[in-house]
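Structure first, then comments.
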Amino acid sequence: MLDARGRARFVRNRAAVAGAAVVAALVLFALVGPALARHDAYTSDFVNGVSPTGMPVGPSAGFPLGADTIFRDVFARLAAAGRISLVIAAASTAIASVIGASVGIVAGYYEGERAPRLGWLRLDVDGALMRLVDVLLAFPFLLLVMAIGAALQRTTAVTIFVVLGITGWLGIARVLRSKTMQVRALDYVVASRALGQPPATIMLKHVLPNVAGTLVVLATVQVAQMIVADSILSYLGVGIAPPTPTWGRMLFEGQPYYATAPWLVAAPGVAILLAVWGFNMLGEGLRDALDPREA
Amino acid sequence: MRSIRAKLETVPSALAAAAAALLVVPLGCDGALRAPIPAAHGEHETPRRGGVLRLATVYDLRSLDPALPPDGLAGHVFPLLFDGLVELDRDGRVVPDLAERWDVEDSGKLYRFVLRPGVTMHDGAELTADDVKRSVERSLHPSTPSGVSANFDAVVGYAAYTSGKAEHLEGVAVEGRYVVTFRLTQPDAAFLSLLAVPAMRPVCASAGDRSKRGWLPCGAGPFRLEPDGWQRGTSLRVVRHESYFRPGLPHLDAVEWMLAMPQVPQRFRFEDGQLDMLMDPVQADYARFAADPRWRDMGVPLFENITWGEAMNTRLPPFDNVEVRRAVAAAIDREQFPKVKPAQMSASAQLLPTSMPGYDPTWACQPHDEAAALEHMRKAGYPFDPATGVGGWPHPIAYTLADQSANFYVAQIVQQQLARIGIRLELRVMNLPAYWAVTERQGGTQMAPWGNQADYADPSSFFDSLFTTSGISPEQSNNVSFYSNPRYDGLVARARHEMDAAARQGLYRQAQEILCDEAPWAFTWAQRDYVIRQPYVKGFAAHRVLPFDVRGVWLDRGDAPLEQVLRGGLR
């Protein structure tokens with residue numbers, strides 16, 4: 001996807017490299033952090049986690065990032081939450097990318113054309129898909145999460161990433177539709193159509209490879225947005241049920257203690273900030289690297 | 001074309017600035033509180049009339065009909081809207097209210113109340129004995145899901161009336177415009193106290209003869225509710241009943257609540273002068289206010305009169321097995337809970353809180369014993385090996401809880417403790433009304449934290465309906481563990497009619513031993529609320545029974561400029 005010149009452009013972009021490094025560090029932290037922690041992320045320590053004043057202990061050798069409101073290790077929970085938050089962000093982005101790419105490519109391919117007749121119905125594929133996008137854009141995803149959570153009586157990681165995924169593809173679809181409209185006008189695509197290749201083959205073999213770079217960039221930025229969305233849901237109390245930690249829930253739970261135990265909000269806050277910044281920088285770096293005008 | 005160099009210079013700077021702000025903002029808040037807004041006069045001034053008391057609460061309201069079980073804020077509001085024949089003073093003693101006197105005849109089986117003449121209700125009508133009878137019949141009507149109905153089964157004709165066989169309750173009789181009598185089949189030691197509960201308080205004729213939706217609450221209390229005074233889920237405002245029968249009362253023009261407000265914004269608003277009292281301080285705030293000498297005297301500890309426990313649905317597996325319930329009761333280490341909120345929680349292994357007659361500080365009738373808990377699991381057929389984690393109840397247990405309470409923390413601790421005996425809780429967090437609805441529905445959940453607050457200063461307020469068979473109903477059940485034990489029912493019924501105090505206490509002791517052994521609840525902690533007031537809020541004192549009594553409150557804000565008051569006072 002990235003040729004030698006693209007890779008060179010990426011490496012020269014120090015913000016992008018920094019973003020990639022931050023993302024790699026966070027992934028590493030999520031993977032090995034729980035193993036490095038001295039305490040289990042789910043277990044309270046009523047002996048060492050409590051200060052003489054009754055408040056949770058602050059950062060110390062035993063608790064590198066302090067203890068939380070029921071005396072669990074914030075470091076261990078931050079790492080465990082990183083796994084969950086990153087997995088949710090990645091999984092929901094994957095779902096959104098698949099749906100968004102499919103809808104965008106199909107809509108863009110058929111834009112301005114009369115689609116094949118389906119029995120008595122002649123369907124305006126592009127129009128129908130784009131109106132669907134318009135409707136879904138107006139639908140509050142928070143309400144959807146709450147409705148699904150209420151129906152299932154419990155919100156799990158799967159619930160969250162599925163909901164985020166099926167509501168997060170709209171922007172991707174719109175961008176890829178535009179990109180597809182450009183690609184389908186290229187000579188070799190026109191030639192393929194003239195030779196009678198089926199539309200599905202053309203879209204898979206000729207359009208998809210040409211929009212893949214754009215999709216990767218969009219997906220990378222989307223991961224950052226999903227991290228924020230997951231944090232918002234958790235912060236509002238409609239995220240994953242406790243005691244499973246997420247960065248947003250940790251922020252929510254630490255909020256009343258912002259003045260007396262500031263590490264409770266600082267730790268997840270910085271984690272969210274770094275993750276969002278890292279993925280945004282990485283995405284922008286990829287976009288610049290893939291854009292020949294940046295040469 | 002976008003410049004990479006420019007991005008290099010700006011983006012990391014923005015990141016650094018944001019990160020710094022995130023760290024500095026909380027660190028910069030060094031714990032210093034704004035100064036209290038001073039009172040205009042000293043502590044011993046004569047109460048002044050006027051002003052609006054502004055409050056906020058995490059609770060919401062489902063209903064303001066006193067015939068229905070009070071929940072959330074309703075227990076705070078009922079004493080303002082509805083007066084009873086009798087009321088409880090701050091020490092929980094029965095004193096006259098709408099009835100100026102009463103006589104007890106026929107060895108405790110006949111109560112004759114003489115009403116105060118000239119008491120005006122919120123609709124302008126004069127209170128009469130007919131209103132009392134109609135209100136009592138309304139609350140005990142078979143179509144009303146009353147939480148206290150079963151407590152009145154000693155009233156003559158109760159069974160016929162509540163089964164729909166009789167049109168009226170025979171034992172309640174009108175003997176003149178201002179005289180009403182209650183005839184009992186047998187003496188009831190708690191009867192006078194029971195008449196103080198909201199369900200027995202007279203309501204206006206507009207209430208009709210049975211509870212129905214859409215009724216604008218109307219009674220004879222010191223405050224009344226205007227048609228637009230209750231914005232569901234948002235706010236409640238009650239205004240002074242100008243024709244209240246007690247001269248000079250109430251002092252306040254109005255009391256208003258912001259509903260369902262999380263604790264953190266409550267504290268900000270209080271400190272900012274937008275609230276006059278802070279009803280729900282979190283532990284961190286409590287510690288900050290208690291440590292500040294300017295605020296230390298503004299804290300008012302309330303009575304410890306709420307008991308919490310882990311209610312186990314005895315109709316659903318695995319809690320239909322008494323050994324599993326015993327295992328849960330033994331596995332819970334109650335001493336851990338007060339470490340989370342030492343100001344408001346104390347470990348409790350029995351049903352009665354400290355404010356209740358019969359409380360025994362030396363009795364932990366559900367002691368923590370993990371080895372015993374494991375043995376109970378083995379007897380139940382679900383042996384668990386803590387070393388390997390093998391065994392135990394094989395399925396996750398649905399545990400329902402509300403998102404706004406100390407139980408949010410307690411639940412996670414209980415979850416850890418029960419995991420050690422092979423019971424896995426699956427926490428289902430929901431908003432308060434949903435939590436109530438699910439937990440009170442038969443088959444709604446397997447397990448939930450549940451609390452009981454005294455309705456009156458008598459042990460029967462805890463022993464009745466929470467655990468009796470008559471307290472069970474398919475929806476809005478008072479008995480949320482759906483526990484039924486004829487021996488327990490018999491002991492509690494005998495205790496209520498036993499007039500000898502020592503013998504009565506002995507019966508309740510036996511009843512509690514059954515509860516502790518069969519464990520429909522694993523008792524966990526007792527709640528002692530704590531409120532913080534601005535110095536200009538005067539006349540507030542803790543009540544042994546009522547959760548939050550502002551009937552005697554008055555404001556002495558003085559001449560402080562409004563702008564200064566709104567900004568949070570003098571520094």
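Simple scheme: letters A, B, ... for chains in structure tokens order, numbers from 1 for residues in each chain, numbers from 1 for ligands in the order shown.
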- Task: Going by DSSP on the backbone, which bits of region 144-372 of chain B are strand (DSSP E)? Write them as a VMD selection string, please.
- Result: chain B and resid 172 to 174 179 to 183 223 to 231 235 to 240 254 to 258 277 to 278 299 to 312 345 to 347
- Item | Interface list for chain A, partner chain B, 6 Å threshold, only C-alpha atoms, as a list in words | Ala15, Arg154, Pro256, Tyr257, Tyr258, Ala259, Pro262 and Ala266 of chain A
Write the selection just made, keeping N, CA and C atoms, as an mmCIF file, in the first residue's frame?
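Heads up, here's the output in again28.cif:
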```cif
data_model
loop_
_atom_site.group_PDB
_atom_site.id
_atom_site.type_symbol
_atom_site.label_atom_id
_atom_site.label_comp_id
_atom_site.auth_asym_id
_atom_site.auth_seq_id
_atom_site.Cartn_x
_atom_site.Cartn_y
_atom_site.Cartn_z
ATOM 1 N N ALA A 15 5.510 13.827 13.637
ATOM 2 C CA ALA A 15 4.263 13.719 14.396
ATOM 3 C C ALA A 15 3.643 12.343 14.167
ATOM 4 N N ARG A 154 -27.972 -6.086 30.289
ATOM 5 C CA ARG A 154 -26.549 -6.006 30.643
ATOM 6 C C ARG A 154 -25.781 -5.587 29.409
ATOM 7 N N PRO A 256 -15.645 12.095 41.681
ATOM 8 C CA PRO A 256 -15.897 12.742 42.972
ATOM 9 C C PRO A 256 -14.622 12.999 43.768
ATOM 10 N N TYR A 257 -13.541 12.337 43.395
ATOM 11 C CA TYR A 257 -12.298 12.428 44.172
ATOM 12 C C TYR A 257 -11.265 13.309 43.483
ATOM 13 N N TYR A 258 -11.726 14.132 42.540
ATOM 14 C CA TYR A 258 -10.755 14.864 41.721
ATOM 15 C C TYR A 258 -9.854 15.753 42.568
ATOM 16 N N ALA A 259 -10.374 16.240 43.710
ATOM 17 C CA ALA A 259 -9.568 17.146 44.525
ATOM 18 C C ALA A 259 -8.732 16.398 45.559
ATOM 19 N N PRO A 262 -6.430 13.027 42.954
ATOM 20 C CA PRO A 262 -6.464 13.422 41.538
ATOM 21 C C PRO A 262 -5.957 12.350 40.579
ATOM 22 N N ALA A 266 -6.651 11.615 36.601
ATOM 23 C CA ALA A 266 -5.504 11.914 35.738
ATOM 24 C C ALA A 266 -5.068 10.685 34.939
#
```
- Identify, with DSSP run on backbone atoms, the residues in region 41-265 of chain B assigned to alpha helix (DSSP H), and express the list as a PyMOL selection string. chain B and resi 74-81+129-140+158-162+191-194+263-265
- What lies within 7 Å of Pro535 (chain B) using only C-alpha atoms, ignoring chain neighbours under 6 positions off, as a list in words? Pro36, Ile37, Pro38, Ala39 and Met298 of chain B
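Taking CA of Val125 (chain A) as the reference point, CA of Ser178 (chain A) is found at 14.8 Å.
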- Message: Need the shell around Phe63 (chain A): protein/DNA/RNA residues with any atom at most 8 Å away, counting only C-alpha atoms. Skip same-chain ones fewer than 6 positions apart. Format as an MDAnalysis selection string?
- Response: chainID A and resid 38 49 57 73:75
Selected residues written out, N, CA and C atoms, as a JSON list (two decimals), in the first residue's frame:
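Contents of part_1.json, as written:
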```json
[["chain", "number", "residue", "atom", "x", "y", "z"],
["A", 38, "ARG", "N", 1.46, -5.29, 40.42],
["A", 38, "ARG", "CA", 1.64, -6.09, 41.62],
["A", 38, "ARG", "C", 0.32, -6.61, 42.17],
["A", 49, "GLY", "N", -4.11, -0.66, 50.49],
["A", 49, "GLY", "CA", -4.69, 0.34, 49.59],
["A", 49, "GLY", "C", -5.37, 1.49, 50.30],
["A", 57, "VAL", "N", -4.88, 5.08, 48.87],
["A", 57, "VAL", "CA", -3.49, 5.56, 48.87],
["A", 57, "VAL", "C", -3.13, 6.17, 47.51],
["A", 73, "ASP", "N", -5.79, -1.52, 42.49],
["A", 73, "ASP", "CA", -4.60, -0.92, 41.91],
["A", 73, "ASP", "C", -4.97, -0.20, 40.59],
["A", 74, "VAL", "N", -4.78, 1.10, 40.57],
["A", 74, "VAL", "CA", -5.15, 1.89, 39.38],
["A", 74, "VAL", "C", -4.28, 1.49, 38.18],
["A", 75, "PHE", "N", -3.00, 1.19, 38.44],
["A", 75, "PHE", "CA", -2.11, 0.78, 37.34],
["A", 75, "PHE", "C", -2.64, -0.49, 36.68]]
```
Contacts of region 238-244 of chain A at 9 Å (only C-alpha atoms; same-chain gap of 2+ positions) as a CSV table (one decimal) with C-alpha atoms, in the first residue's frame:
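selection-v8.csv was written with the following content:
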```csv
chain,number,residue,atom,x,y,z
A,41,ALA,CA,-7.1,-5.4,38.6
A,42,TYR,CA,-10.3,-6.7,40.2
A,77,ARG,CA,-6.9,-1.4,36.1
A,80,ALA,CA,-6.8,-4.0,31.9
A,81,ALA,CA,-9.0,-1.2,30.7
A,84,ILE,CA,-10.8,-3.6,26.7
A,142,LEU,CA,-26.4,6.7,22.7
A,145,VAL,CA,-26.8,1.5,23.2
A,146,MET,CA,-29.2,2.2,26.1
A,149,GLY,CA,-28.4,-2.6,27.0
A,154,ARG,CA,-26.5,-6.0,30.6
A,155,THR,CA,-24.1,-4.2,28.5
A,156,THR,CA,-21.0,-6.2,27.5
A,157,ALA,CA,-17.9,-5.4,25.4
A,159,THR,CA,-22.7,-5.1,22.8
A,160,ILE,CA,-20.6,-1.9,22.8
A,230,ASP,CA,-16.5,4.1,24.3
A,231,SER,CA,-15.2,6.5,27.0
A,232,ILE,CA,-18.3,8.6,26.7
A,233,LEU,CA,-20.6,5.6,27.0
A,234,SER,CA,-18.7,4.4,30.1
A,235,TYR,CA,-18.6,7.9,31.6
A,236,LEU,CA,-22.3,8.2,31.2
A,246,THR,CA,-12.6,0.9,30.9
A,248,GLY,CA,-14.2,6.1,30.6
A,249,ARG,CA,-15.6,4.3,33.6
B,408,PHE,CA,-22.3,0.7,43.5
B,412,GLN,CA,-18.2,-4.8,43.7
B,415,GLN,CA,-18.8,-9.7,44.1
B,426,GLU,CA,-23.1,-10.5,37.1
B,427,LEU,CA,-23.7,-6.9,37.9
B,428,ARG,CA,-26.5,-5.2,36.1
B,429,VAL,CA,-26.4,-1.5,36.7
B,430,MET,CA,-29.6,0.5,35.9
```
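In this comparison, which uses only C-alpha atoms, the residue of B:Gly84, B:Pro187, B:Pro217, B:Pro367 approaching Asp106 (chain B) most closely is B:Pro187.
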- So which residues touch region 284-288 of chain A within 7 Å, counting only C-alpha atoms, skipping near sequence neighbours fewer than 6 positions away, as an MDAnalysis selection string? chainID A and resid 10 13 16 217 294
For the residues selected in the previous step, produce a file with N, CA and C atoms as a compact mmCIF listing (two decimals), in the first residue's frame.
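Listing of selection-v3.txt after writing:
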```txt
# COMPACT_ATOMS: atom_id res chain seq x y z
N PHE A 10 6.37 9.11 5.38
CA PHE A 10 5.85 8.81 6.73
C PHE A 10 6.95 8.98 7.78
N ASN A 13 7.74 12.45 8.70
CA ASN A 13 6.69 13.12 9.48
C ASN A 13 6.82 12.70 10.95
N ALA A 16 3.71 11.90 12.91
CA ALA A 16 3.13 10.58 12.61
C ALA A 16 3.92 9.48 13.31
N VAL A 217 -6.63 4.96 6.15
CA VAL A 217 -6.52 6.25 6.85
C VAL A 217 -7.77 6.52 7.67
N GLU A 294 1.93 15.32 -1.27
CA GLU A 294 2.83 15.62 -0.15
C GLU A 294 4.29 15.40 -0.51
```
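Those residues that approach Arg378 (chain B) to within 12 Å, counting only C-alpha atoms, are B:Asn321, B:Glu323, B:Val324, B:Arg326, B:Ala327, B:Ala371, B:Ala372, B:Phe384, B:Asp385, B:Gly391, B:Gly392, B:Trp393, B:Ile421, B:Gly422; same-chain residues fewer than 6 positions away are not listed.
Here the question is which of A:Met281, A:Leu290, A:Leu176, A:Val265 gets nearest to Val22 (chain A) using only C-alpha atoms, and that residue is A:Met281.
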